[in-house]
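Enquirer: Handing over entry_38.txt, compact mmCIF, C-alpha atoms.
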# COMPACT_ATOMS: atom_id res chain seq x y z
CA MET A 23 47.53 17.64 27.63
CA THR A 24 47.77 17.24 23.86
CA LEU A 25 45.46 19.15 21.58
CA THR A 26 43.27 17.08 19.29
CA ASP A 27 42.87 17.94 15.62
CA ALA A 28 39.39 19.29 16.34
CA GLN A 29 40.73 21.49 19.14
CA ILE A 30 43.50 22.82 16.92
CA GLU A 31 40.90 23.76 14.31
CA ARG A 32 38.45 25.21 16.84
CA TYR A 33 41.05 27.41 18.55
CA SER A 34 43.24 28.01 15.51
CA ARG A 35 42.69 31.78 15.34
CA GLN A 36 43.87 32.32 18.91
CA ILE A 37 46.57 29.65 18.75
CA ILE A 38 48.29 31.53 15.91
CA VAL A 39 48.38 34.77 17.89
CA PRO A 40 52.04 35.32 18.77
CA ARG A 41 52.80 34.38 22.38
CA VAL A 42 49.59 32.33 22.75
CA GLY A 43 50.39 29.28 20.67
CA GLY A 44 49.50 25.69 21.32
CA ARG A 45 51.06 25.82 24.77
CA GLY A 46 48.84 28.75 25.70
CA GLN A 47 45.81 26.84 24.48
CA GLU A 48 46.80 23.86 26.58
CA ARG A 49 47.05 26.13 29.63
CA LEU A 50 43.59 27.52 28.92
CA LEU A 51 42.08 24.05 28.63
CA ALA A 52 43.75 22.92 31.86
CA ALA A 53 42.87 26.05 33.82
CA ARG A 54 40.52 26.33 36.72
CA MET A 55 39.16 29.80 37.35
CA LEU A 56 36.55 31.72 39.26
CA LEU A 57 34.28 34.40 37.84
CA ALA A 58 32.23 36.64 40.09
CA GLY A 59 29.95 39.59 39.51
CA ASP A 60 26.39 40.57 38.75
CA ALA A 61 24.64 38.46 36.13
CA ARG A 62 24.39 41.31 33.63
CA ASP A 63 28.12 42.00 33.95
CA ILE A 64 29.50 38.49 33.71
CA GLU A 65 27.30 36.94 31.04
CA ALA A 66 29.39 38.10 28.08
CA PRO A 67 32.77 37.53 29.80
CA LEU A 68 31.62 34.01 30.69
CA ALA A 69 30.71 33.28 27.07
CA TYR A 70 34.11 34.48 25.86
CA LEU A 71 36.00 32.45 28.48
CA VAL A 72 34.00 29.35 27.61
CA GLY A 73 34.52 30.01 23.93
CA ALA A 74 38.27 30.38 24.45
CA GLY A 75 38.35 26.95 26.06
CA VAL A 76 38.99 27.74 29.73
CA GLY A 77 38.59 24.27 31.18
CA ALA A 78 36.73 24.83 34.46
CA ILE A 79 34.92 27.99 35.49
CA GLY A 80 33.22 28.43 38.85
CA VAL A 81 30.68 31.23 38.76
CA ARG A 82 29.55 33.21 41.76
CA LEU A 83 26.80 35.80 41.69
CA PRO A 84 25.59 37.91 44.57
CA GLY A 85 22.24 36.81 45.94
CA ASP A 86 19.86 34.52 44.11
CA GLN A 87 21.52 32.34 41.47
CA ASP A 88 18.31 30.99 39.98
CA GLY A 89 17.89 33.53 37.21
CA PHE A 90 21.30 32.70 35.85
CA THR A 91 20.90 28.96 35.53
CA GLU A 92 19.62 29.12 31.96
CA LYS A 93 22.50 31.36 30.97
CA ILE A 94 24.97 28.94 32.51
CA ALA A 95 23.39 26.15 30.49
CA ALA A 96 23.59 28.28 27.35
CA ALA A 97 27.29 28.99 28.03
CA CYS A 98 27.98 25.29 28.54
CA GLU A 99 26.40 24.56 25.15
CA LEU A 100 29.01 26.73 23.48
CA ASN A 101 31.93 24.44 24.12
CA ALA A 102 32.16 20.92 25.47
CA ASP A 103 35.79 21.57 26.44
CA ALA A 104 34.67 23.93 29.19
CA SER A 105 32.67 23.15 32.30
CA VAL A 106 30.81 25.81 34.23
CA THR A 107 29.56 25.37 37.76
CA VAL A 108 27.40 27.80 39.67
CA ALA A 109 28.01 29.05 43.20
CA ASP A 110 31.41 27.44 43.41
CA GLU A 111 32.06 26.82 47.10
CA SER A 112 35.13 24.64 46.68
CA LYS A 113 38.23 25.80 48.50
CA ASP A 114 40.58 24.16 46.00
CA ARG A 115 43.30 26.34 44.58
CA VAL A 116 42.36 28.13 41.38
CA ASP A 117 44.60 29.56 38.72
CA LEU A 118 42.81 32.86 38.35
CA ALA A 119 39.87 34.80 39.74
CA LEU A 120 38.15 37.39 37.56
CA LEU A 121 36.09 39.67 39.76
CA ILE A 122 33.82 42.13 37.99
CA VAL A 123 32.50 44.70 40.43
CA GLY A 124 29.50 46.65 39.22
CA SER A 125 27.47 46.92 42.41
CA ASP A 126 27.85 46.88 46.17
CA ALA A 127 26.55 43.31 46.22
CA ALA A 128 29.20 42.25 43.71
CA LEU A 129 31.83 44.07 45.76
CA LYS A 130 30.81 42.04 48.81
CA VAL A 131 31.23 38.79 46.88
CA ALA A 132 34.60 39.95 45.58
CA ASP A 133 35.71 40.81 49.11
CA GLU A 134 34.78 37.30 50.26
CA PHE A 135 36.87 35.78 47.47
CA VAL A 136 39.87 37.89 48.30
CA SER A 137 39.86 36.85 51.94
CA ASP A 138 38.61 33.33 51.57
CA ARG A 139 40.07 31.64 48.52
CA ASP A 140 43.38 30.22 47.41
CA VAL A 141 43.92 32.06 44.15
CA ARG A 142 47.17 32.25 42.16
CA ALA A 143 46.33 35.29 40.01
CA TRP A 144 43.66 37.95 39.96
CA VAL A 145 41.98 40.35 37.61
CA VAL A 146 39.66 42.75 39.37
CA ALA A 147 37.55 45.21 37.38
CA ARG A 148 35.58 48.13 38.79
CA LEU A 149 32.78 49.24 36.49
CA ASP A 150 31.95 52.45 38.33
CA THR A 151 33.54 55.80 37.56
CA PRO A 152 36.48 55.96 37.27
CA GLY A 153 36.77 52.44 35.93
CA ILE A 154 39.78 50.43 36.97
CA ILE A 155 41.29 47.01 36.30
CA ALA A 156 43.85 45.49 38.63
CA VAL A 157 45.98 42.79 36.99
CA ILE A 158 47.76 40.68 39.56
CA PRO A 159 49.81 37.80 38.15
CA ALA A 160 50.75 34.71 40.09
CA GLY A 161 53.52 35.36 42.57
CA SER A 162 52.53 38.96 43.26
CA PRO A 163 51.90 40.13 46.79
CA SER A 164 48.23 40.26 45.87
CA PRO A 165 46.25 41.66 48.78
CA PRO A 166 47.47 45.29 48.66
CA ALA A 167 46.90 45.56 44.93
CA VAL A 168 43.52 43.91 45.19
CA ASP A 169 42.68 46.29 48.01
CA ALA A 170 43.52 49.25 45.78
CA SER A 171 40.81 48.19 43.36
CA MET A 172 38.43 47.37 46.20
CA ARG A 173 37.73 50.95 47.24
CA PRO A 174 34.60 50.98 49.37
CA GLY A 175 31.20 51.57 47.86
CA VAL A 176 30.30 51.33 44.20
CA GLY A 177 29.41 54.61 42.55
CA ASN A 178 27.83 55.56 39.27
CA ARG A 179 28.28 53.04 36.51
CA SER A 180 30.84 54.06 33.91
CA GLU A 181 29.55 54.60 30.38
CA ALA A 182 32.33 52.22 29.37
CA ALA A 183 31.32 49.49 31.84
CA ASP A 184 30.72 46.73 29.29
CA PHE A 185 33.92 47.68 27.47
CA ILE A 186 35.89 47.56 30.74
CA ALA A 187 34.46 44.13 31.55
CA MET A 188 35.60 42.86 28.17
CA LEU A 189 39.08 44.31 28.61
CA ALA A 190 39.29 42.59 31.98
CA THR A 191 38.32 39.35 30.27
CA ALA A 192 41.14 39.84 27.77
CA GLU A 193 43.58 40.38 30.65
CA ALA A 194 42.33 37.16 32.28
CA PHE A 195 42.78 35.31 28.98
CA LYS A 196 46.37 36.55 28.74
CA LEU A 197 47.30 35.56 32.29
CA ILE A 198 45.83 32.08 31.93
CA ALA A 199 47.39 31.49 28.52
CA GLY A 200 50.79 32.65 29.73
CA TYR A 201 50.84 35.37 27.07
CA ALA A 202 53.64 37.30 28.79
CA GLU A 203 56.65 35.42 30.06
CA ASN A 204 56.88 37.62 33.15
CA PRO A 205 53.61 39.52 33.37
CA SER A 206 53.67 42.74 35.32
CA ARG A 207 51.35 43.60 38.12
CA ALA A 208 49.45 46.52 36.70
CA THR A 209 46.65 48.93 37.35
CA ILE A 210 44.67 50.08 34.33
CA GLU A 211 42.85 53.32 35.10
CA PHE A 212 40.08 54.55 32.83
CA ASP A 213 39.14 58.06 31.84
CA GLY A 214 35.99 57.24 29.92
CA TYR A 215 37.25 54.66 27.44
CA GLN A 216 40.89 55.73 27.47
CA THR A 217 43.39 54.09 29.77
CA ARG A 218 46.42 54.97 31.80
CA VAL A 219 48.54 52.00 32.81
CA ARG A 220 50.61 51.91 35.97
CA LEU A 221 53.04 49.04 36.28
CA HIS A 222 54.02 47.97 39.79
CA PRO A 223 57.47 46.57 40.49
CA MET B 2 13.76 54.27 18.58
CA ALA B 3 11.37 51.41 17.92
CA THR B 4 11.24 52.19 14.21
CA GLN B 5 14.92 52.89 13.71
CA ARG B 6 16.92 50.27 11.89
CA ILE B 7 20.53 49.22 12.30
CA LEU B 8 22.39 47.31 9.58
CA ILE B 9 25.17 44.98 10.78
CA VAL B 10 27.52 44.02 7.95
CA GLY B 11 29.43 40.90 8.96
CA LEU B 12 28.53 38.42 11.69
CA GLY B 13 32.00 37.39 12.79
CA GLY B 14 34.23 38.47 15.64
CA LEU B 15 32.89 42.04 15.64
CA GLY B 16 29.33 41.53 14.45
CA VAL B 17 28.47 38.93 17.10
CA PRO B 18 29.34 41.05 20.16
CA ALA B 19 27.78 44.07 18.48
CA LEU B 20 24.45 42.37 17.89
CA TRP B 21 24.43 40.86 21.37
CA ALA B 22 25.10 44.26 22.93
CA LEU B 23 22.44 45.88 20.75
CA ALA B 24 19.88 43.32 21.86
CA ARG B 25 20.77 43.88 25.52
CA ALA B 26 20.51 47.63 25.03
CA GLY B 27 17.01 47.41 23.60
CA ALA B 28 17.51 47.79 19.86
CA GLN B 29 14.29 46.74 18.15
CA ARG B 30 15.06 46.36 14.46
CA LEU B 31 18.26 44.81 13.17
CA THR B 32 19.31 43.73 9.70
CA LEU B 33 22.06 41.13 9.42
CA ILE B 34 24.08 40.51 6.27
CA ASP B 35 26.83 37.92 5.90
CA PRO B 36 27.40 35.35 3.15
CA ASP B 37 29.34 32.81 5.21
CA PRO B 38 28.35 29.67 7.10
CA VAL B 39 29.46 29.04 10.66
CA GLU B 40 32.80 27.22 10.79
CA LEU B 41 34.43 25.34 13.64
CA SER B 42 37.23 27.91 13.78
CA ASN B 43 34.66 30.67 14.44
CA LEU B 44 33.35 29.20 17.68
CA ALA B 45 36.13 30.33 20.02
CA ARG B 46 35.24 34.00 19.55
CA GLN B 47 31.81 34.17 17.89
CA VAL B 48 30.07 33.16 21.05
CA ILE B 49 26.46 32.89 19.96
CA TYR B 50 27.16 29.98 17.62
CA ARG B 51 27.27 26.39 18.81
CA SER B 52 28.91 23.31 17.37
CA ARG B 53 25.62 22.22 15.84
CA ASP B 54 25.50 25.50 13.90
CA THR B 55 28.55 24.65 11.80
CA GLY B 56 27.61 24.69 8.14
CA THR B 57 24.55 26.86 8.78
CA PRO B 58 24.57 30.38 7.30
CA LYS B 59 25.59 32.79 10.05
CA VAL B 60 22.54 34.96 9.51
CA GLU B 61 20.29 31.93 10.08
CA ALA B 62 22.17 30.79 13.18
CA ALA B 63 22.11 34.34 14.55
CA ALA B 64 18.40 34.71 13.83
CA ARG B 65 17.74 31.44 15.65
CA TRP B 66 19.75 32.71 18.62
CA PHE B 67 17.69 35.91 18.62
CA ALA B 68 14.46 33.96 18.52
CA GLU B 69 15.52 32.03 21.63
CA ARG B 70 17.01 34.91 23.60
CA PHE B 71 15.42 38.12 22.34
CA PRO B 72 12.19 37.19 20.56
CA GLU B 73 11.01 40.80 20.73
CA VAL B 74 13.75 41.96 18.33
CA ASN B 75 12.78 42.17 14.68
CA VAL B 76 15.61 40.57 12.69
CA GLU B 77 15.88 40.81 8.92
CA ARG B 78 18.49 38.51 7.41
CA HIS B 79 20.47 38.46 4.19
CA PRO B 80 22.76 35.45 3.64
CA ILE B 81 24.69 37.29 0.94
CA ALA B 82 27.74 39.50 0.62
CA LEU B 83 27.39 43.26 0.60
CA GLU B 84 28.38 44.24 -2.93
CA ALA B 85 28.32 47.32 -5.10
CA SER B 86 25.12 46.04 -6.71
CA ASN B 87 23.12 45.72 -3.49
CA ALA B 88 24.76 48.10 -1.02
CA ALA B 89 22.98 51.35 -1.89
CA PRO B 90 19.37 50.16 -1.55
CA LEU B 91 20.20 48.26 1.62
CA VAL B 92 22.00 51.14 3.32
CA ALA B 93 19.34 53.61 2.24
CA VAL B 94 16.66 52.07 4.43
CA HIS B 95 18.77 52.03 7.62
CA ASP B 96 19.49 54.71 10.18
CA PHE B 97 22.93 53.46 11.20
CA VAL B 98 25.41 50.92 9.86
CA ILE B 99 27.93 48.83 11.77
CA ASP B 100 30.95 47.81 9.71
CA ALA B 101 31.90 44.46 11.21
CA THR B 102 33.64 43.16 8.12
CA ASP B 103 37.21 41.93 7.87
CA SER B 104 38.09 42.95 4.33
CA PRO B 105 39.42 46.36 3.27
CA ALA B 106 37.34 46.26 0.08
CA ALA B 107 34.14 45.79 2.08
CA LYS B 108 35.10 48.60 4.44
CA PHE B 109 35.60 51.03 1.56
CA LEU B 110 32.33 49.92 -0.01
CA ILE B 111 30.50 50.60 3.26
CA ASN B 112 32.26 53.95 3.58
CA ASP B 113 31.41 55.10 0.08
CA THR B 114 27.84 53.85 0.22
CA CYS B 115 27.15 55.47 3.58
CA ILE B 116 28.74 58.75 2.50
CA ALA B 117 26.51 58.81 -0.59
CA ALA B 118 23.42 57.93 1.43
CA ARG B 119 24.43 60.26 4.29
CA THR B 120 23.99 57.39 6.72
CA PRO B 121 26.28 57.42 9.77
CA PHE B 122 28.31 54.32 10.46
CA VAL B 123 30.95 52.96 12.78
CA TYR B 124 34.03 51.30 11.37
CA GLY B 125 35.67 48.51 13.32
CA GLY B 126 38.70 46.35 12.80
CA VAL B 127 40.56 43.75 14.83
CA VAL B 128 43.62 41.69 14.12
CA GLY B 129 45.84 39.88 16.57
CA MET B 130 45.76 41.74 19.87
CA THR B 131 44.75 45.15 18.53
CA GLY B 132 41.50 46.74 17.52
CA GLN B 133 40.21 50.05 16.19
CA ALA B 134 36.91 51.83 15.88
CA MET B 135 35.84 55.13 14.35
CA THR B 136 32.47 56.69 13.71
CA VAL B 137 31.76 58.57 10.52
CA ILE B 138 29.05 61.19 10.19
CA PRO B 139 28.91 61.81 6.44
CA GLY B 140 29.72 65.35 5.45
CA GLU B 141 30.69 66.28 8.99
CA THR B 142 33.55 64.08 10.20
CA ALA B 143 36.49 62.34 8.62
CA CYS B 144 35.70 59.20 6.65
CA ILE B 145 37.74 56.07 6.00
CA ARG B 146 39.13 57.57 2.79
CA CYS B 147 40.24 60.64 4.75
CA VAL B 148 42.41 58.29 6.82
CA PHE B 149 43.50 55.58 4.40
CA GLU B 150 42.71 57.17 0.98
CA THR B 151 42.53 53.90 -0.97
CA PRO B 152 42.09 50.25 -0.05
CA PRO B 153 45.40 48.48 0.51
CA ASP B 154 46.33 45.53 -1.66
CA ASP B 155 45.35 42.20 -0.21
CA ASN B 156 49.01 41.31 0.32
CA GLU B 157 49.51 44.48 2.39
CA THR B 158 47.02 43.51 5.06
CA GLN B 159 46.72 40.65 7.46
CA SER B 160 43.39 39.09 8.28
CA CYS B 161 42.60 37.15 11.43
CA ARG B 162 43.19 34.03 9.32
CA GLU B 163 46.88 34.94 9.13
CA ALA B 164 47.51 37.03 12.25
CA GLY B 165 45.02 35.42 14.59
CA ILE B 166 42.49 37.04 16.87
CA VAL B 167 41.53 36.83 20.52
CA GLY B 168 37.83 36.76 21.33
CA PRO B 169 37.57 39.37 24.11
CA VAL B 170 39.60 41.88 22.06
CA ALA B 171 37.08 41.61 19.24
CA GLY B 172 34.33 41.57 21.85
CA ALA B 173 35.46 44.91 23.25
CA ILE B 174 35.46 46.59 19.83
CA GLY B 175 32.09 45.07 18.93
CA GLU B 176 30.62 46.31 22.24
CA LEU B 177 31.95 49.76 21.46
CA GLN B 178 30.42 49.75 17.97
CA ALA B 179 27.06 48.78 19.44
CA ALA B 180 27.32 51.58 22.01
CA GLU B 181 27.91 54.07 19.21
CA ALA B 182 24.90 52.75 17.31
CA MET B 183 22.70 53.13 20.37
CA ARG B 184 23.96 56.66 20.97
CA ALA B 185 23.06 57.48 17.37
CA LEU B 186 19.57 56.06 17.74
CA ARG B 187 19.07 58.06 20.93
CA ALA B 188 20.39 61.22 19.25
CA GLN B 189 23.20 61.39 21.81
CA THR B 190 26.68 62.71 21.17
CA LEU B 191 28.76 60.09 19.43
CA LEU B 192 31.96 59.25 21.28
CA LEU B 193 34.00 58.46 18.20
CA SER B 194 32.77 60.90 15.57
CA GLY B 195 35.91 62.46 14.15
CA LYS B 196 38.01 60.27 16.41
CA ILE B 197 39.64 56.89 16.20
CA LEU B 198 39.95 54.58 19.18
CA THR B 199 42.85 52.15 19.28
CA TYR B 200 42.97 49.26 21.73
CA ASP B 201 46.28 47.48 22.11
CA ALA B 202 45.85 44.44 24.32
CA SER B 203 49.37 43.15 23.93
CA ASP B 204 50.54 44.83 27.12
CA PRO B 205 48.16 45.77 29.90
CA ALA B 206 45.25 47.24 28.01
CA ARG B 207 46.13 50.53 26.40
CA VAL B 208 43.26 52.43 24.86
CA ARG B 209 43.80 55.72 23.09
CA ILE B 210 41.40 58.04 21.31
CA ALA B 211 42.87 60.40 18.73
CA ALA B 212 41.21 63.10 16.67
CA VAL B 213 41.03 62.46 12.94
CA SER B 214 40.76 65.43 10.62
CA PRO B 215 38.95 65.41 7.31
CA ARG B 216 41.38 65.28 4.41
CA PRO B 217 41.41 68.11 1.88
CA GLY B 218 40.57 66.64 -1.47
CA CYS B 219 38.63 63.70 -0.09
CA GLY B 220 35.28 63.51 -1.80
CA CYS B 221 33.36 62.89 1.41
CA GLY B 222 32.63 66.58 1.92
CA ALA B 223 33.69 66.70 5.55
CA TRP B 224 36.65 68.99 4.97
CA LYS B 225 35.62 72.62 5.32
CA PRO B 226 38.16 75.23 4.20
CA GLN B 227 38.86 78.26 6.31
CA SER B 228 37.12 81.32 4.82
CA SER B 229 40.49 82.93 4.23
CA ASP B 230 41.82 79.90 2.41
CA ALA B 231 40.76 80.52 -1.17
CA ARG B 232 42.78 77.66 -2.55
CA GLY B 233 41.24 75.29 -0.06
CA ARG B 234 37.81 76.52 -1.05
CA ARG B 235 38.49 75.71 -4.67
CA GLU B 236 39.65 72.24 -3.70
CA SER B 237 36.55 71.60 -1.66
CA GLN B 238 34.37 72.60 -4.61
CA SER B 239 36.11 70.26 -7.02
CA PRO B 240 34.08 67.21 -7.93
CA GLY B 241 34.50 64.36 -5.51
CA LYS B 242 32.81 61.04 -5.88
How does this structure look as C-alpha cells?
Expert:
Amino acid sequence: MTLTDAQIERYSRQIIVPRVGGRGQERLLAARMLLAGDARDIEAPLAYLVGAGVGAIGVRLPGDQDGFTEKIAAACELNADASVTVADESKDRVDLALLIVGSDAALKVADEFVSDRDVRAWVVARLDTPGIIAVIPAGSPSPPAVDASMRPGVGNRSEAADFIAMLATAEAFKLIAGYAENPSRATIEFDGYQTRVRLHP
Amino acid sequence: MATQRILIVGLGGLGVPALWALARAGAQRLTLIDPDPVELSNLARQVIYRSRDTGTPKVEAAARWFAERFPEVNVERHPIALEASNAAPLVAVHDFVIDATDSPAAKFLINDTCIAARTPFVYGGVVGMTGQAMTVIPGETACIRCVFETPPDDNETQSCREAGIVGPVAGAIGELQAAEAMRALRAQTLLLSGKILTYDASDPARVRIAAVSPRPGCGCGAWKPQSSDARGRRESQSPGK
C-alpha cells in the first residue's frame, strides 16, 4: 500500500511521530481489528481509531445494536479510509482486538471473543476499580494474560474509566502501527489515574 | 450547574475531546474560542470534524456538531484568538477555563488572566507521545509561572507540527481536563489542584501525578510563608503582578 498525497497530509501529525512513520500509517490503513464494549465506552475510542485511519473495524456491543447505528454512521463520516461494520460475526483472522470491559454484559462479549476468534494481538481494558489494561502483542501466549484481565464480575466503575479507555486505544494504535519493534506483553494497573506497569517475559 | 459556564480555549487535539466529554457529562453552557479553520491535517485526531468541514472556522464546525449531537447544550462561539485585549472580559464571565492551546504564549496569557480574575483553570499540553495536565486554583495552588516562570522562546519548544501527535494521547488529556472542569462545577475535590499529571505513552502507558509547590516570589499569591519565616513573609508581601 502506498500513501497518497492526501493521506500523507491527513495523517501527517502522526506520521512524523518517531517510530510511527509512513510504514506505521500503512499498517494502520491495512489493519483489520475488532472493538467490543458498551456503547458509551467505545464511542470515543471508535472515533479515534477511525480518525487514525484503521482500515477495517468490526464493532460488537452487548445486546441490542440498534441504538448505536447512528453513531457508527457518524464515525464512518469521519474518514473514508476506514470502514466500520456492526456486529462483526466473521471468523476471519484479525490483527488486533480491543476489548473495553465496563459492565458484566461487556465482559461476556469479551469472553466470547477470547474463546471464539482468531486474533493476533489483544488490548483488554477493565474500567472498574482497580482499572487494568492488558497489552498482548502478536506472538504472545495470549490466553493466560487475557484471563488475568478477565477477572469475574465487573465492580464499581473507576473514576478514571474514560481516561483508561483512551489509554487502551493508544496502546491499540501502537500495536497496530508497529510502534515498538518488539513490543512487550504488559499489564498496566491503575491506582486512580496513576499506573504501575508490569512487563511479562 | 445549569448556569455555570466553561470557557474552552483552543479547539484542536485537546479542546475537541474536552468538549465532547463535557457534553457527555452534562455541561450546559460552553464557550468556544479558536481563530483557526479546520485543516485536513487536523482530522486524524480532532474527531468531531469531517472532511467537508475543512476551511470552516473550528468554532463553527464544532457548534454545528453540537447542534446535531447535543442540541440542549448552549454554545457561545468566538472565531478569534485569545489575546491580551480580549482575555480579561471573556475569562471574567466564566466559572472555569480549559487551556487547550498549543502555544506557550497563550498558556501564560490564560494563566495570568485567570490568576487576576481568580478563575480556576486546567492546563493541558501534548506533544509526540506525552501529555501533561495541571489544575490551578488561583491564590491557593501553584500556577504555570510557579512551574515554568517565563514562557520559553519559540525555538525552545516543539509543537505538534514539528514533533507530531497521536490522537488518543491528546484524547486522554482532553478527557482529563473535562473531568476536572466537571468536578469544579460540582464543587468536588479537584484531582490535579497543586499536582501535575504526566502521561508517557511511548512505553506501556505510564501515568504519574506529582505535587507542585507554589514558588516563592511568584506573583500568583499561592505561596504562603511559614509564620516563623520572616524573610519569606516579606517576599510574599512584595508586589507581584
Enquirer: Specify as a VMD selection string all residues of chain A found within 9 Å of chain B, counting only C-alpha atoms.
Expert: chain A and resid 28 30 to 40 66 to 67 69 to 75 97 99 to 101 157 182 184 to 193 195 to 196 201 to 202 205 to 206 208 to 210 212 215 to 221
Enquirer: Can you pull out the residues contacting Ala127 of chain A? Cut-off 12 Å, using all atoms listed in the file, and skip same-chain residues under 6 positions away; I want them as JSON, numbers by chain.
Expert: {"A": [58, 59, 60, 61, 82, 83, 84, 85, 86, 133, 134, 174, 175, 176]}
Enquirer: Could you please determine the separation between atom CA of Ala143 of chain B and atom CA of Ala24 of chain B in Å, to one decimal place?
Expert: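 Atom CA of Ala143 of chain B sits 28.5 Å away from atom CA of Ala24 of chain B.
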Enquirer: I want to know what sits within 8 Å of Gly153 of chain A, based on all atoms listed in the file, with residues of the same chain fewer than 4 positions away left out; could you give that as a PDB file with C-alpha atoms, in the frame of the given file?
Expert:
ATOM      1  CA  ALA A 147      37.550  45.210  37.380  1.00  0.00           C
ATOM      2  CA  ARG A 148      35.580  48.130  38.790  1.00  0.00           C
ATOM      3  CA  LEU A 149      32.780  49.240  36.490  1.00  0.00           C
ATOM      4  CA  SER A 180      30.840  54.060  33.910  1.00  0.00           C
ATOM      5  CA  ALA A 182      32.330  52.220  29.370  1.00  0.00           C
ATOM      6  CA  ALA A 183      31.320  49.490  31.840  1.00  0.00           C
ATOM      7  CA  ILE A 186      35.890  47.560  30.740  1.00  0.00           C
ATOM      8  CA  GLU A 211      42.850  53.320  35.100  1.00  0.00           C
ATOM      9  CA  PHE A 212      40.080  54.550  32.830  1.00  0.00           C
ATOM     10  CA  ASP A 213      39.140  58.060  31.840  1.00  0.00           C
ATOM     11  CA  GLY A 214      35.990  57.240  29.920  1.00  0.00           C
TER      12      GLY A 214
END
Enquirer: Just give me the gap between atom CA of Pro80 of chain B and atom CA of Gly11 of chain B in Å, one decimal is fine.
Expert: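 These atoms are spaced 10.1 Å apart.
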Enquirer: Out of A:Glu65, A:Glu203, A:Asp140, A:Asp126, which residue has the shortest atom-to-atom distance to Lys93 of chain A when counting all atoms listed in the file?
Expert: A:Glu65
Enquirer: So the first atom is atom CA of Ile122 of chain A and the second is atom CA of Val108 of chain A; what is the distance between them in Å, to one decimal place?
Expert: 15.8 Å
Enquirer: List every protein, DNA or RNA residue that has at least one atom no more than 10 Å from (36.2, 41.9, 3.2) in the file's coordinates, counting only C-alpha atoms, and write the result as a PyMOL selection string.
Expert: chain B and resi 11+82-83+101-110+155+160
Enquirer: Find the residue from A:Gly77, A:Pro163, A:Gly177, A:Gly89 that sits nearest to Leu129 of chain A; use all atoms listed in the file when measuring.
Expert: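 Looking only at the distances to Leu129 of chain A, the closest residue turns out to be A:Gly177.
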Enquirer: With distances taken over only C-alpha atoms, which residue among B:Ile111, B:Ile9, B:Leu23, B:Val137 lies nearest Gly195 of chain B?
Expert: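 The shortest atom-to-atom distance to Gly195 of chain B comes from B:Val137.
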Enquirer: At a cut-off of 12 Å, using all atoms listed in the file, what residues contact segment 185-187 of chain B? Leave out same-chain residues fewer than 6 positions from it and give the result as a ChimeraX atom specification.
Expert: /B:2-7,23,26-30,95-99,120-123,136-138,178-179,193-194
Enquirer: Return as JSON the box centre and box size in Å, one decimal, for an axis-aligned box around all listed atoms of segment 175-182 of chain B padded by 6 Å per side.
Expert:
{"center_x": 28.5, "center_y": 49.6, "center_z": 19.8, "size_x": 19.2, "size_y": 21.0, "size_z": 16.9}
Enquirer: Skipping near chain neighbours, those fewer than 5 positions away, what residues fall within 6 Å of Ile197 of chain B using all atoms listed in the file, listed as a VMD selection string?
Expert: chain B and resid 134 to 135 210 to 211
Enquirer: I'd like the contact shell of Arg216 of chain B - 8 Å cut-off, only C-alpha atoms, skipping same-chain residues fewer than 2 positions apart - returned as a list in words.
Expert: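 Near neighbours after the sequence-gap exclusion: Ala143, Cys147, Val148, Ser214, Gly218, Cys219, Ala223 and Trp224 of chain B.
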Enquirer: Write the residues you've just listed into a file as a PDB file, keeping the file's coordinate frame, and include C-alpha atoms for each of them.
Expert:
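After the write, part_3.pdb holds the following:
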ATOM      1  CA  ALA B 143      36.490  62.340   8.620  1.00  0.00           C
ATOM      2  CA  CYS B 147      40.240  60.640   4.750  1.00  0.00           C
ATOM      3  CA  VAL B 148      42.410  58.290   6.820  1.00  0.00           C
ATOM      4  CA  SER B 214      40.760  65.430  10.620  1.00  0.00           C
ATOM      5  CA  GLY B 218      40.570  66.640  -1.470  1.00  0.00           C
ATOM      6  CA  CYS B 219      38.630  63.700  -0.090  1.00  0.00           C
ATOM      7  CA  ALA B 223      33.690  66.700   5.550  1.00  0.00           C
ATOM      8  CA  TRP B 224      36.650  68.990   4.970  1.00  0.00           C
TER       9      TRP B 224
END
Enquirer: Would you mind telling me which residue in B:Thr158, B:Gln189, B:Asp54, B:Lys225 lies nearest to Gly126 of chain B when using all atoms listed in the file?
Expert: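 Checking each candidate against Gly126 of chain B, we get B:Thr158 as the closest.
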Enquirer: Would you kindly place N, CA and C atoms on segment 113-121 of chain A and return the model as an mmCIF file, keeping the file's coordinate frame?
Expert:
data_model
loop_
_atom_site.group_PDB
_atom_site.id
_atom_site.type_symbol
_atom_site.label_atom_id
_atom_site.label_comp_id
_atom_site.auth_asym_id
_atom_site.auth_seq_id
_atom_site.Cartn_x
_atom_site.Cartn_y
_atom_site.Cartn_z
ATOM 1 N N LYS A 113 37.092 25.007 48.019
ATOM 2 C CA LYS A 113 38.230 25.800 48.500
ATOM 3 C C LYS A 113 39.516 25.384 47.781
ATOM 4 N N ASP A 114 39.386 24.569 46.731
ATOM 5 C CA ASP A 114 40.580 24.160 46.000
ATOM 6 C C ASP A 114 41.249 25.383 45.373
ATOM 7 N N ARG A 115 42.544 25.243 45.190
ATOM 8 C CA ARG A 115 43.300 26.340 44.580
ATOM 9 C C ARG A 115 42.814 26.551 43.148
ATOM 10 N N VAL A 116 42.722 27.813 42.762
ATOM 11 C CA VAL A 116 42.360 28.130 41.380
ATOM 12 C C VAL A 116 43.476 28.947 40.744
ATOM 13 N N ASP A 117 43.525 28.867 39.437
ATOM 14 C CA ASP A 117 44.600 29.560 38.720
ATOM 15 C C ASP A 117 44.357 31.058 38.632
ATOM 16 N N LEU A 118 43.102 31.430 38.501
ATOM 17 C CA LEU A 118 42.810 32.860 38.350
ATOM 18 C C LEU A 118 41.389 33.162 38.780
ATOM 19 N N ALA A 119 41.225 34.300 39.430
ATOM 20 C CA ALA A 119 39.870 34.800 39.740
ATOM 21 C C ALA A 119 39.658 36.099 38.973
ATOM 22 N N LEU A 120 38.558 36.165 38.246
ATOM 23 C CA LEU A 120 38.150 37.390 37.560
ATOM 24 C C LEU A 120 36.939 37.936 38.299
ATOM 25 N N LEU A 121 37.148 39.051 38.958
ATOM 26 C CA LEU A 121 36.090 39.670 39.760
ATOM 27 C C LEU A 121 35.628 40.934 39.059
#
